[in-house]
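Next comes coords15.txt, a file with compact mmCIF, C-alpha atoms.
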# COMPACT_ATOMS: atom_id res chain seq x y z
CA MET A 30 0.00 0.00 0.00
CA LEU A 31 2.73 2.37 1.13
CA LYS A 32 4.73 1.53 -1.93
CA LYS A 33 1.89 2.48 -4.17
CA ILE A 34 1.43 5.79 -2.44
CA VAL A 35 5.14 6.48 -2.83
CA ILE A 36 4.95 5.61 -6.48
CA LEU A 37 1.97 7.91 -6.94
CA LEU A 38 3.95 10.66 -5.28
CA PHE A 39 6.77 9.97 -7.72
CA VAL A 40 4.45 10.42 -10.64
CA THR A 41 3.26 13.76 -9.37
CA CYS A 42 6.87 14.73 -8.74
CA PHE A 43 7.75 13.83 -12.32
CA ALA A 44 4.87 15.91 -13.54
CA CYS A 45 5.95 18.83 -11.40
CA PHE A 46 9.56 18.53 -12.55
CA ASN A 47 8.36 18.45 -16.07
CA THR A 48 6.47 21.73 -15.69
CA VAL A 49 9.31 23.31 -13.72
CA PHE A 50 12.11 22.38 -16.09
CA ALA A 51 10.04 22.58 -19.22
CA ALA A 52 11.27 25.97 -20.08
CA GLU A 53 14.89 25.13 -19.40
CA SER A 54 15.57 21.78 -21.04
CA GLY A 55 12.48 20.80 -22.92
CA GLY A 56 11.37 18.52 -20.08
CA MET A 57 10.87 14.78 -20.19
CA PRO A 58 10.31 13.62 -23.74
CA GLN A 59 8.10 10.90 -22.24
CA LEU A 60 5.49 13.44 -21.31
CA ASN A 61 5.41 15.04 -24.71
CA PRO A 62 2.21 13.71 -26.28
CA GLU A 63 3.29 14.40 -29.85
CA PHE A 64 4.06 10.73 -30.64
CA TRP A 65 1.88 9.03 -28.05
CA ILE A 66 -0.67 7.83 -30.56
CA SER A 67 2.06 6.61 -32.90
CA GLN A 68 3.72 4.71 -30.07
CA ILE A 69 0.42 3.12 -29.03
CA PHE A 70 -0.34 2.24 -32.63
CA TRP A 71 3.01 0.61 -33.27
CA LEU A 72 2.99 -1.10 -29.88
CA ILE A 73 -0.35 -2.71 -30.66
CA ILE A 74 0.84 -3.79 -34.10
CA THR A 75 4.21 -5.18 -33.05
CA PHE A 76 3.04 -6.76 -29.84
CA GLY A 77 -0.07 -8.09 -31.56
CA ILE A 78 1.97 -9.75 -34.30
CA LEU A 79 4.45 -11.07 -31.76
CA PHE A 80 1.63 -12.48 -29.64
CA ILE A 81 -0.19 -14.09 -32.55
CA VAL A 82 2.90 -15.64 -34.11
CA LEU A 83 4.18 -16.92 -30.76
CA THR A 84 0.78 -18.35 -29.86
CA LYS A 85 -0.04 -19.92 -33.20
CA VAL A 86 3.33 -21.03 -34.50
CA ILE A 87 6.24 -21.02 -32.12
CA LEU A 88 4.99 -21.93 -28.65
CA PRO A 89 3.08 -25.04 -29.77
CA LYS A 90 6.27 -26.25 -31.45
CA ILE A 91 8.31 -25.72 -28.30
CA SER A 92 5.72 -27.40 -26.13
CA ASP A 93 5.53 -30.26 -28.62
CA ASN A 94 9.28 -30.61 -28.46
CA LEU A 95 9.22 -30.70 -24.70
CA GLU A 96 6.36 -33.18 -24.66
CA THR A 97 7.95 -35.51 -27.18
CA ARG A 98 11.22 -35.36 -25.30
CA LYS A 99 9.47 -36.14 -22.05
CA SER A 100 7.53 -39.02 -23.54
CA GLN A 101 10.57 -40.33 -25.34
CA ILE A 102 12.61 -40.26 -22.17
CA LEU A 103 9.83 -42.04 -20.32
CA GLU A 104 9.60 -44.57 -23.12
CA ASN A 105 13.32 -45.13 -23.05
CA ILE A 106 13.24 -45.61 -19.32
CA GLU A 107 10.40 -48.08 -19.75
CA THR A 108 12.24 -50.08 -22.38
CA ALA A 109 15.36 -50.00 -20.27
CA ASP A 110 13.38 -51.37 -17.34
CA LYS A 111 11.86 -54.04 -19.56
CA GLN A 112 15.25 -55.03 -20.89
CA LYS A 113 16.62 -55.12 -17.40
CA GLU A 114 13.83 -57.42 -16.34
CA GLU A 115 14.41 -59.62 -19.35
CA SER A 116 18.10 -59.82 -18.70
CA GLN A 117 17.35 -60.66 -15.07
CA LYS A 118 15.06 -63.42 -16.27
CA LYS A 119 17.74 -64.71 -18.61
CA ILE A 120 20.26 -64.64 -15.79
CA ASP A 121 17.89 -66.58 -13.59
CA GLU A 122 17.31 -69.08 -16.36
CA TYR A 123 20.99 -69.44 -16.94
CA GLU A 124 21.63 -70.01 -13.26
CA LYS A 125 18.86 -72.56 -13.15
CA ILE A 126 20.33 -74.37 -16.13
CA ILE A 127 23.72 -74.42 -14.51
CA LEU A 128 22.25 -75.70 -11.26
CA ASP A 129 20.27 -78.36 -13.10
CA SER A 130 23.24 -79.49 -15.06
CA LYS A 131 25.28 -79.65 -11.92
CA LEU A 132 22.65 -81.79 -10.26
CA LYS A 133 22.40 -83.98 -13.36
CA ALA A 134 26.15 -84.38 -13.49
CA LYS A 135 26.13 -85.39 -9.86
CA SER A 136 23.38 -87.91 -10.42
CA TYR A 137 25.16 -89.32 -13.48
CA PHE A 138 28.29 -89.60 -11.48
CA ASN A 139 26.44 -91.34 -8.66
CA GLU A 140 24.71 -93.70 -11.06
CA ALA A 141 27.93 -94.56 -12.75
CA ARG A 142 29.56 -95.12 -9.40
CA GLU A 143 26.76 -97.38 -8.26
CA LYS A 144 26.85 -99.28 -11.49
CA ILE A 145 30.55 -99.80 -11.23
CA LEU A 146 30.27 -100.77 -7.59
CA ASP A 147 27.50 -103.21 -8.45
CA ASP A 148 29.58 -104.66 -11.22
CA ILE A 149 32.55 -104.98 -8.97
CA ASN A 150 30.47 -106.63 -6.30
CA LYS A 151 28.89 -109.01 -8.77
CA LYS A 152 32.22 -109.92 -10.26
CA ARG A 153 33.71 -110.33 -6.87
CA ALA A 154 30.85 -112.55 -5.79
CA ALA A 155 31.21 -114.66 -8.91
CA LEU A 156 34.90 -114.85 -8.43
CA GLU A 157 34.51 -115.83 -4.82
CA LYS A 158 31.99 -118.46 -5.77
CA ASP A 159 34.35 -119.88 -8.36
CA LEU A 160 37.16 -119.83 -5.90
CA ASP A 161 35.05 -121.53 -3.26
CA GLU A 162 34.03 -124.19 -5.72
CA GLU A 163 37.56 -124.80 -6.78
CA ILE A 164 38.74 -124.83 -3.23
CA SER A 165 36.09 -127.31 -2.23
CA GLU A 166 36.91 -129.47 -5.24
CA VAL A 167 40.56 -129.40 -4.40
CA GLU A 168 39.77 -130.14 -0.80
CA LYS A 169 37.65 -133.08 -1.86
CA GLU A 170 40.38 -134.34 -4.10
CA LEU A 171 42.83 -133.91 -1.31
CA SER A 172 40.70 -135.78 1.17
CA ASP A 173 40.12 -138.51 -1.42
CA LEU A 174 43.75 -138.66 -2.05
CA LYS A 175 44.42 -138.81 1.67
CA GLN A 176 42.04 -141.65 2.15
CA LYS A 177 43.30 -143.52 -0.86
CA SER A 178 46.90 -142.92 0.08
CA GLY A 179 46.31 -144.28 3.56
CA GLU A 180 44.87 -147.47 2.13
CA LYS A 181 47.64 -147.67 -0.42
CA ILE A 182 50.27 -147.12 2.21
CA ASN A 183 48.76 -149.80 4.30
CA LYS A 184 48.73 -152.13 1.30
CA ILE A 185 52.30 -151.26 0.38
CA ALA A 186 53.36 -151.55 3.96
CA ALA A 187 51.67 -154.93 4.21
CA GLU A 188 53.28 -156.13 1.01
CA THR A 189 56.71 -154.86 1.91
CA SER A 190 56.45 -156.26 5.37
CA ALA A 191 55.30 -159.57 3.88
CA GLU A 192 58.28 -159.53 1.54
CA LEU A 193 60.58 -158.62 4.39
CA ILE A 194 59.22 -161.35 6.56
CA LYS A 195 59.62 -163.80 3.66
CA GLU A 196 63.19 -162.79 3.23
CA LEU A 197 63.84 -162.91 6.92
CA ILE A 198 62.08 -166.02 7.85
CA GLY A 199 61.79 -167.62 4.44
CA GLU A 200 58.29 -168.52 4.98
CA GLU A 201 55.04 -167.15 3.79
CA VAL A 202 52.91 -165.47 6.41
CA ASN A 203 49.25 -165.04 6.13
CA SER A 204 48.87 -161.75 4.33
CA SER A 205 45.67 -160.85 6.17
CA SER A 206 47.29 -160.95 9.59
CA ILE A 207 50.13 -158.82 8.35
CA ALA A 208 47.70 -156.31 7.03
CA ALA A 209 45.98 -156.22 10.40
CA ILE A 210 49.20 -155.56 12.21
CA VAL A 211 50.25 -152.87 9.73
CA GLY A 212 46.85 -151.26 10.12
CA ASP A 213 47.26 -151.26 13.86
CA GLU A 214 50.72 -149.77 13.58
CA SER A 215 49.66 -147.04 11.19
CA LYS A 216 46.70 -146.28 13.42
CA ILE A 217 49.00 -145.88 16.39
CA ASN A 218 51.32 -143.70 14.31
CA ARG A 219 48.45 -141.58 13.20
CA GLU A 220 47.23 -141.14 16.73
CA ARG A 221 50.69 -140.18 17.77
CA LYS A 222 50.82 -137.62 15.05
CA ASP A 223 47.50 -136.25 16.09
CA VAL A 224 48.64 -135.96 19.65
CA MET B 24 22.08 19.27 -26.96
CA ALA B 25 23.34 15.67 -26.93
CA SER B 26 24.83 16.12 -23.47
CA ASN B 27 21.36 16.49 -22.04
CA PRO B 28 20.69 13.17 -20.23
CA MET B 29 17.06 13.25 -21.31
CA TYR B 30 17.95 13.60 -24.98
CA GLN B 31 18.18 9.85 -25.38
CA PHE B 32 14.46 9.53 -24.72
CA ASN B 33 13.48 11.79 -27.61
CA VAL B 34 11.15 10.26 -30.12
CA TYR B 35 11.60 11.36 -33.68
CA ARG B 36 10.06 10.43 -36.96
CA ILE B 37 11.81 8.01 -39.29
CA GLY B 38 10.72 8.24 -42.88
CA PRO B 39 7.58 9.97 -44.11
CA GLU B 40 4.76 11.27 -42.00
CA ILE B 41 1.87 8.81 -41.87
CA LYS B 42 -1.53 10.15 -40.99
CA LEU B 43 -4.63 8.15 -40.16
CA GLY B 44 -7.27 10.78 -40.52
CA SER B 45 -5.99 13.59 -38.39
CA VAL B 46 -3.90 11.27 -36.15
CA ASP B 47 -0.15 11.05 -36.60
CA ILE B 48 0.98 7.43 -36.62
CA SER B 49 4.38 7.97 -38.21
CA PHE B 50 7.08 5.38 -37.92
CA THR B 51 9.47 6.58 -35.22
CA ASN B 52 12.65 5.35 -33.59
CA ALA B 53 10.44 3.89 -30.83
CA SER B 54 8.48 1.94 -33.46
CA LEU B 55 11.75 0.78 -34.99
CA PHE B 56 12.93 -0.70 -31.72
CA MET B 57 9.56 -2.33 -31.09
CA VAL B 58 9.86 -3.98 -34.49
CA ILE B 59 13.48 -4.97 -33.84
CA SER B 60 12.64 -6.50 -30.46
CA SER B 61 9.66 -8.42 -31.81
CA LEU B 62 11.64 -9.66 -34.79
CA ALA B 63 14.53 -10.72 -32.56
CA ILE B 64 12.17 -12.69 -30.34
CA LEU B 65 10.47 -14.30 -33.32
CA ILE B 66 13.72 -15.19 -35.05
CA ILE B 67 15.42 -16.58 -31.95
CA PHE B 68 12.44 -18.63 -30.82
CA ASN B 69 11.59 -19.80 -34.29
CA LEU B 70 15.13 -21.08 -34.76
CA GLY B 71 14.93 -22.63 -31.33
CA ALA B 72 11.64 -24.35 -32.05
CA LYS B 73 12.55 -25.52 -35.54
CA LYS B 74 14.84 -28.41 -34.71
CA LYS B 75 13.26 -31.29 -32.92
CA THR B 76 16.26 -33.12 -31.61
CA LEU B 77 16.23 -35.17 -28.46
CA ILE B 78 19.37 -33.43 -27.25
CA PRO B 79 18.80 -29.70 -27.82
CA ASP B 80 21.38 -27.35 -29.33
CA LYS B 81 22.04 -23.90 -27.86
CA LEU B 82 19.10 -21.97 -29.33
CA GLN B 83 16.72 -24.81 -28.72
CA LEU B 84 17.89 -25.06 -25.15
CA LEU B 85 17.44 -21.30 -24.75
CA SER B 86 13.90 -21.35 -26.05
CA GLU B 87 12.94 -24.43 -24.07
CA LEU B 88 14.44 -23.06 -20.88
CA SER B 89 12.57 -19.78 -21.36
CA TYR B 90 9.39 -21.72 -21.98
CA SER B 91 9.73 -23.78 -18.82
CA PHE B 92 10.86 -20.71 -16.85
CA VAL B 93 7.71 -18.79 -17.73
CA ALA B 94 5.54 -21.87 -17.33
CA LYS B 95 6.92 -22.45 -13.86
CA MET B 96 6.47 -18.78 -12.94
CA ILE B 97 2.82 -18.90 -13.97
CA SER B 98 2.02 -22.19 -12.27
CA ASP B 99 3.77 -21.04 -9.09
CA THR B 100 1.93 -17.73 -8.80
CA ALA B 101 -1.41 -18.27 -10.52
CA GLY B 102 -1.86 -22.03 -10.44
CA SER B 103 -2.99 -24.38 -13.18
CA LYS B 104 -6.05 -22.29 -14.07
CA ALA B 105 -3.77 -19.67 -15.64
CA LYS B 106 -2.57 -22.05 -18.35
CA PRO B 107 -4.69 -20.52 -21.15
CA TYR B 108 -2.95 -17.18 -20.53
CA PHE B 109 0.51 -18.68 -20.83
CA SER B 110 1.21 -17.45 -24.33
CA PHE B 111 0.16 -13.89 -23.49
CA ILE B 112 2.37 -13.73 -20.40
CA PHE B 113 5.21 -15.35 -22.32
CA SER B 114 4.93 -12.75 -25.10
CA LEU B 115 4.65 -9.97 -22.57
CA PHE B 116 7.70 -11.11 -20.62
CA MET B 117 9.77 -11.61 -23.74
CA PHE B 118 8.69 -8.29 -25.27
CA VAL B 119 9.52 -6.29 -22.16
CA LEU B 120 12.75 -8.20 -21.62
CA PHE B 121 13.95 -7.69 -25.19
CA CYS B 122 12.96 -4.01 -25.22
CA ASN B 123 14.85 -3.50 -21.97
CA MET B 124 17.88 -5.41 -23.22
CA PHE B 125 17.99 -3.65 -26.59
CA GLY B 126 17.92 -0.40 -24.64
CA MET B 127 21.25 -1.38 -23.12
CA ILE B 128 23.00 -1.17 -26.49
CA PRO B 129 24.65 2.27 -26.88
CA TYR B 130 22.68 4.67 -29.10
CA ALA B 131 19.71 2.36 -28.95
CA PHE B 132 16.28 3.56 -27.93
CA THR B 133 14.57 2.04 -24.89
CA VAL B 134 10.94 1.45 -25.74
CA THR B 135 10.00 0.66 -22.15
CA SER B 136 11.39 3.94 -20.85
CA HIS B 137 8.27 5.64 -22.16
CA ILE B 138 5.34 5.86 -19.81
CA ILE B 139 2.83 5.67 -22.63
CA VAL B 140 4.11 2.26 -23.77
CA THR B 141 4.22 0.73 -20.31
CA PHE B 142 0.90 2.31 -19.43
CA VAL B 143 -0.81 0.84 -22.46
CA LEU B 144 0.53 -2.58 -21.60
CA ALA B 145 -0.48 -2.20 -17.95
CA ALA B 146 -3.90 -0.83 -18.80
CA PHE B 147 -4.51 -3.70 -21.19
CA ILE B 148 -3.55 -6.16 -18.45
CA PHE B 149 -5.73 -4.33 -15.93
CA ILE B 150 -8.78 -4.30 -18.17
CA GLY B 151 -8.21 -7.89 -19.26
CA VAL B 152 -7.81 -9.12 -15.70
CA THR B 153 -10.92 -7.25 -14.58
CA ILE B 154 -12.94 -8.74 -17.44
CA ILE B 155 -11.63 -12.22 -16.64
CA GLY B 156 -12.53 -11.71 -12.98
CA PHE B 157 -16.08 -10.65 -13.72
CA MET B 158 -16.51 -13.44 -16.26
CA LYS B 159 -15.33 -16.10 -13.82
CA HIS B 160 -17.08 -14.89 -10.69
CA GLY B 161 -19.75 -12.48 -11.88
CA LEU B 162 -20.54 -9.83 -9.36
CA GLY B 163 -18.87 -12.04 -6.76
CA TYR B 164 -15.62 -10.61 -8.04
CA LEU B 165 -16.47 -7.49 -6.04
CA LYS B 166 -15.74 -9.57 -2.92
CA LEU B 167 -12.11 -8.89 -3.80
CA PHE B 168 -12.59 -5.47 -2.17
CA VAL B 169 -14.01 -6.93 1.04
CA PRO B 170 -11.26 -8.77 2.90
CA SER B 171 -12.49 -11.40 5.34
CA GLY B 172 -11.95 -11.02 9.08
CA VAL B 173 -12.11 -7.22 9.13
CA PRO B 174 -14.15 -5.55 11.91
CA MET B 175 -17.37 -3.97 10.66
CA VAL B 176 -16.28 -0.55 11.88
CA LEU B 177 -13.22 -0.54 9.66
CA LEU B 178 -14.91 -2.12 6.68
CA PRO B 179 -15.94 1.08 4.82
CA LEU B 180 -12.42 2.44 5.09
CA ILE B 181 -10.82 -0.85 4.05
CA VAL B 182 -13.11 -1.20 1.05
CA VAL B 183 -12.20 2.30 -0.12
CA ILE B 184 -8.51 1.58 0.30
CA GLU B 185 -8.84 -1.73 -1.52
CA ILE B 186 -10.64 -0.08 -4.41
CA ILE B 187 -8.01 2.63 -4.67
CA SER B 188 -5.25 0.01 -4.51
CA TYR B 189 -6.97 -2.01 -7.22
CA LEU B 190 -7.43 1.01 -9.45
CA SER B 191 -3.83 2.11 -8.95
CA ARG B 192 -2.55 -1.23 -10.21
CA PRO B 193 -2.04 -0.17 -13.83
CA ILE B 194 -0.34 3.03 -12.71
CA SER B 195 2.02 1.28 -10.29
CA LEU B 196 2.75 -1.45 -12.81
CA SER B 197 3.53 0.94 -15.64
CA VAL B 198 5.37 3.55 -13.58
CA ARG B 199 7.57 0.89 -11.95
CA LEU B 200 8.90 -0.28 -15.28
CA PHE B 201 9.11 3.13 -16.92
CA ALA B 202 10.76 4.84 -13.92
CA ASN B 203 13.31 2.06 -13.50
CA MET B 204 14.33 2.12 -17.12
CA MET B 205 14.39 5.91 -17.35
CA ALA B 206 16.29 6.40 -14.10
CA GLY B 207 18.91 3.82 -15.00
CA HIS B 208 19.54 5.22 -18.45
CA THR B 209 19.61 8.80 -17.20
CA MET B 210 22.11 7.86 -14.52
CA MET B 211 24.35 6.12 -17.04
CA LYS B 212 24.20 9.13 -19.29
CA VAL B 213 25.03 11.48 -16.40
CA PHE B 214 28.04 9.42 -15.39
CA GLY B 215 29.08 9.17 -19.02
CA GLY B 216 28.92 12.97 -19.19
CA PHE B 217 31.11 13.19 -16.08
CA VAL B 218 33.74 11.05 -17.79
CA ILE B 219 33.94 13.59 -20.62
CA SER B 220 33.89 16.67 -18.44
CA LEU B 221 36.51 15.39 -15.96
CA GLY B 222 38.80 14.30 -18.77
CA ILE B 223 41.73 11.88 -18.70
CA VAL B 224 42.71 12.82 -15.13
CA GLY B 225 39.51 12.53 -13.14
CA GLY B 226 37.37 10.61 -15.56
CA TRP B 227 38.35 7.17 -14.33
CA LEU B 228 36.10 7.17 -11.30
CA PRO B 229 32.85 7.91 -13.17
CA LEU B 230 34.01 5.52 -15.89
CA SER B 231 34.28 2.68 -13.39
CA PHE B 232 30.89 3.73 -12.04
CA SER B 233 29.56 3.63 -15.53
CA VAL B 234 30.88 0.09 -16.03
CA ALA B 235 29.34 -1.04 -12.75
CA LEU B 236 26.08 0.67 -13.65
CA THR B 237 25.98 -1.15 -16.96
CA GLY B 238 26.03 -4.45 -15.13
CA LEU B 239 23.43 -3.23 -12.70
CA GLU B 240 21.22 -1.99 -15.51
CA ILE B 241 21.36 -5.32 -17.30
CA LEU B 242 20.25 -6.90 -14.04
CA VAL B 243 17.49 -4.32 -13.69
CA ALA B 244 16.43 -4.87 -17.28
CA PHE B 245 15.88 -8.54 -16.59
CA LEU B 246 14.43 -7.99 -13.14
CA GLN B 247 11.87 -5.43 -14.28
CA ALA B 248 10.68 -7.67 -17.08
CA TYR B 249 10.36 -10.47 -14.55
CA VAL B 250 8.53 -8.23 -12.07
CA PHE B 251 6.20 -7.00 -14.78
CA ALA B 252 5.34 -10.56 -15.78
CA ILE B 253 5.02 -11.89 -12.26
CA LEU B 254 2.76 -9.01 -11.18
CA THR B 255 0.58 -9.79 -14.17
CA CYS B 256 0.46 -13.37 -12.92
CA ILE B 257 -0.50 -12.18 -9.44
CA TYR B 258 -3.30 -10.01 -10.77
CA LEU B 259 -4.44 -12.92 -12.88
CA ASN B 260 -4.35 -15.09 -9.80
CA ASP B 261 -6.63 -12.64 -8.00
CA ALA B 262 -9.06 -12.83 -10.89
CA LEU B 263 -8.95 -16.60 -11.28
CA ASN B 264 -8.80 -17.74 -7.66
CA LEU B 265 -10.82 -15.40 -5.49
CA HIS B 266 -9.36 -15.69 -2.02
CA HIS B 267 -11.40 -13.31 0.05
Could the structure of this file be written out as structure tokens, please?
Amino acid sequence: MLKKIVILLFVTCFACFNTVFAAESGGMPQLNPEFWISQIFWLIITFGILFIVLTKVILPKISDNLETRKSQILENIETADKQKEESQKKIDEYEKIILDSKLKAKSYFNEAREKILDDINKKRAALEKDLDEEISEVEKELSDLKQKSGEKINKIAAETSAELIKELIGEEVNSSSIAAIVGDESKINRERKDV
Amino acid sequence: MASNPMYQFNVYRIGPEIKLGSVDISFTNASLFMVISSLAILIIFNLGAKKKTLIPDKLQLLSELSYSFVAKMISDTAGSKAKPYFSFIFSLFMFVLFCNMFGMIPYAFTVTSHIIVTFVLAAFIFIGVTIIGFMKHGLGYLKLFVPSGVPMVLLPLIVVIEIISYLSRPISLSVRLFANMMAGHTMMKVFGGFVISLGIVGGWLPLSFSVALTGLEILVAFLQAYVFAILTCIYLNDALNLHH
């Protein structure tokens, strides 16, 4: 309010100065109304043209530019976000594939291991069976041989002792009694060995 | 005659005398600088608006920054309802700014240093704003003169003061711009005259003053254009959004 009053005072001061110094220096050219109408006329024309051209031609272009830039930037941000999401998806997929393949590799490895272990076990079992069979066969043969050899030894012993007795005494002894004696002797020997 | 600091404000006829009936509408130096300012604005902004690149070049950046500067000024002071008046306020701001700035060129004429020019602009704004106010609010616009929360005893006085303040708007608006421009240019001329009269010995002090004043005047030239535009926005705000 005060400002306005001061400004009004200024105007009156200007007017006063103008009248006071009018005679001396010609006063303020601003207050000389000679070209007022011309100034108003040309102001309306120039400002009018400026206003119309700016409104109809130039400002819409600038606002269009700003709008398109804004929308383009938003669009770009959107596509960037989309691409980011896609790449994230791809990364996830890739990691999943790697994880899967790792798991698969592990399972293959385990399968192979089990297979091999199975094979080994089977082969070992077969081998052990074979070995057992052979061992038992050999053992049987051995025991057969033992039995047979004992009889044979007894026979040989009986024969040799019969021969010896024949040489010594010059007389034939009943072979069955000799055999009995030899059998007794060999039995005693065997028992001794066992003890 | 040229040493008179007021001489620079003289208006003189350029070319033949043009008469519309009995009225003299001759082309003067003032008209010339109005045309120059308008053309400069149109050329600069047209060049700035022509290219539609995503990354703006210098002129485009200038025009777009001015656009957003004025748009922000309007939306800050008068709100979103003032959007239809954007182009008028933009033209007004640019016209006043360019006239002020062209006035800073030596030997140039300052259009806005003439009360008649600023008064016509201010009166147009005043009448326009008043019409807008009555169109938007009807007779309710008169409530502008009755502030709320005022004691009944003081009301007659306040209403009178409000009416006077409202009616003095075009005068204050026009005189502010005109007086600022005239005072600045007169002062520069006076100091320039001191440089000549004091000569090579004593002229350095007013010369440095003159240099400083040039900077100050460029600031004032921008500031007054801004003030002119922002006051228009405030008046428009009063008309569009009735607060009282």
What separation in Å, quoted to one decimal, exists between CA of Ala154 in chain A and CA of Glu140 in chain A?
->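 Here the two named atoms are 20.5 Å from each other.
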Just the residues within 10 Å of range 161-166 of chain B, please, counting all atoms listed in the file, with nothing from its chain fewer than 4 positions along; format it as a ChimeraX atom specification.
-> /B:153-157,170-171,182,186,261-267
Proximal residues of chain A relative to chain B (only C-alpha atoms; 7 Å) as a list in words |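 Residues of chain A within 7 Å of chain B, counting only C-alpha atoms: Met30, Lys33, Ile36, Met57, Pro58, Gln59, Trp65, Ile66, Ser67, Gln68, Ile69, Phe70, Trp71, Leu72, Thr75, Leu79, Phe80, Thr84, Ile87, Lys90, Ile91, Asn94 and Arg98 of chain A.
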Distance query Leu242 in chain B at most 12 Å, all atoms listed in the file, self and fewer than 6 positions along chain excluded, as a VMD selection string = chain B and resid 120 123 to 124 127 203 to 204 207 235 to 236 248 to 250
Would you work out the distance separating CA of Phe76 in chain A from CA of Pro193 in chain B, expressed in Å to one decimal?
-> 18.0 Å
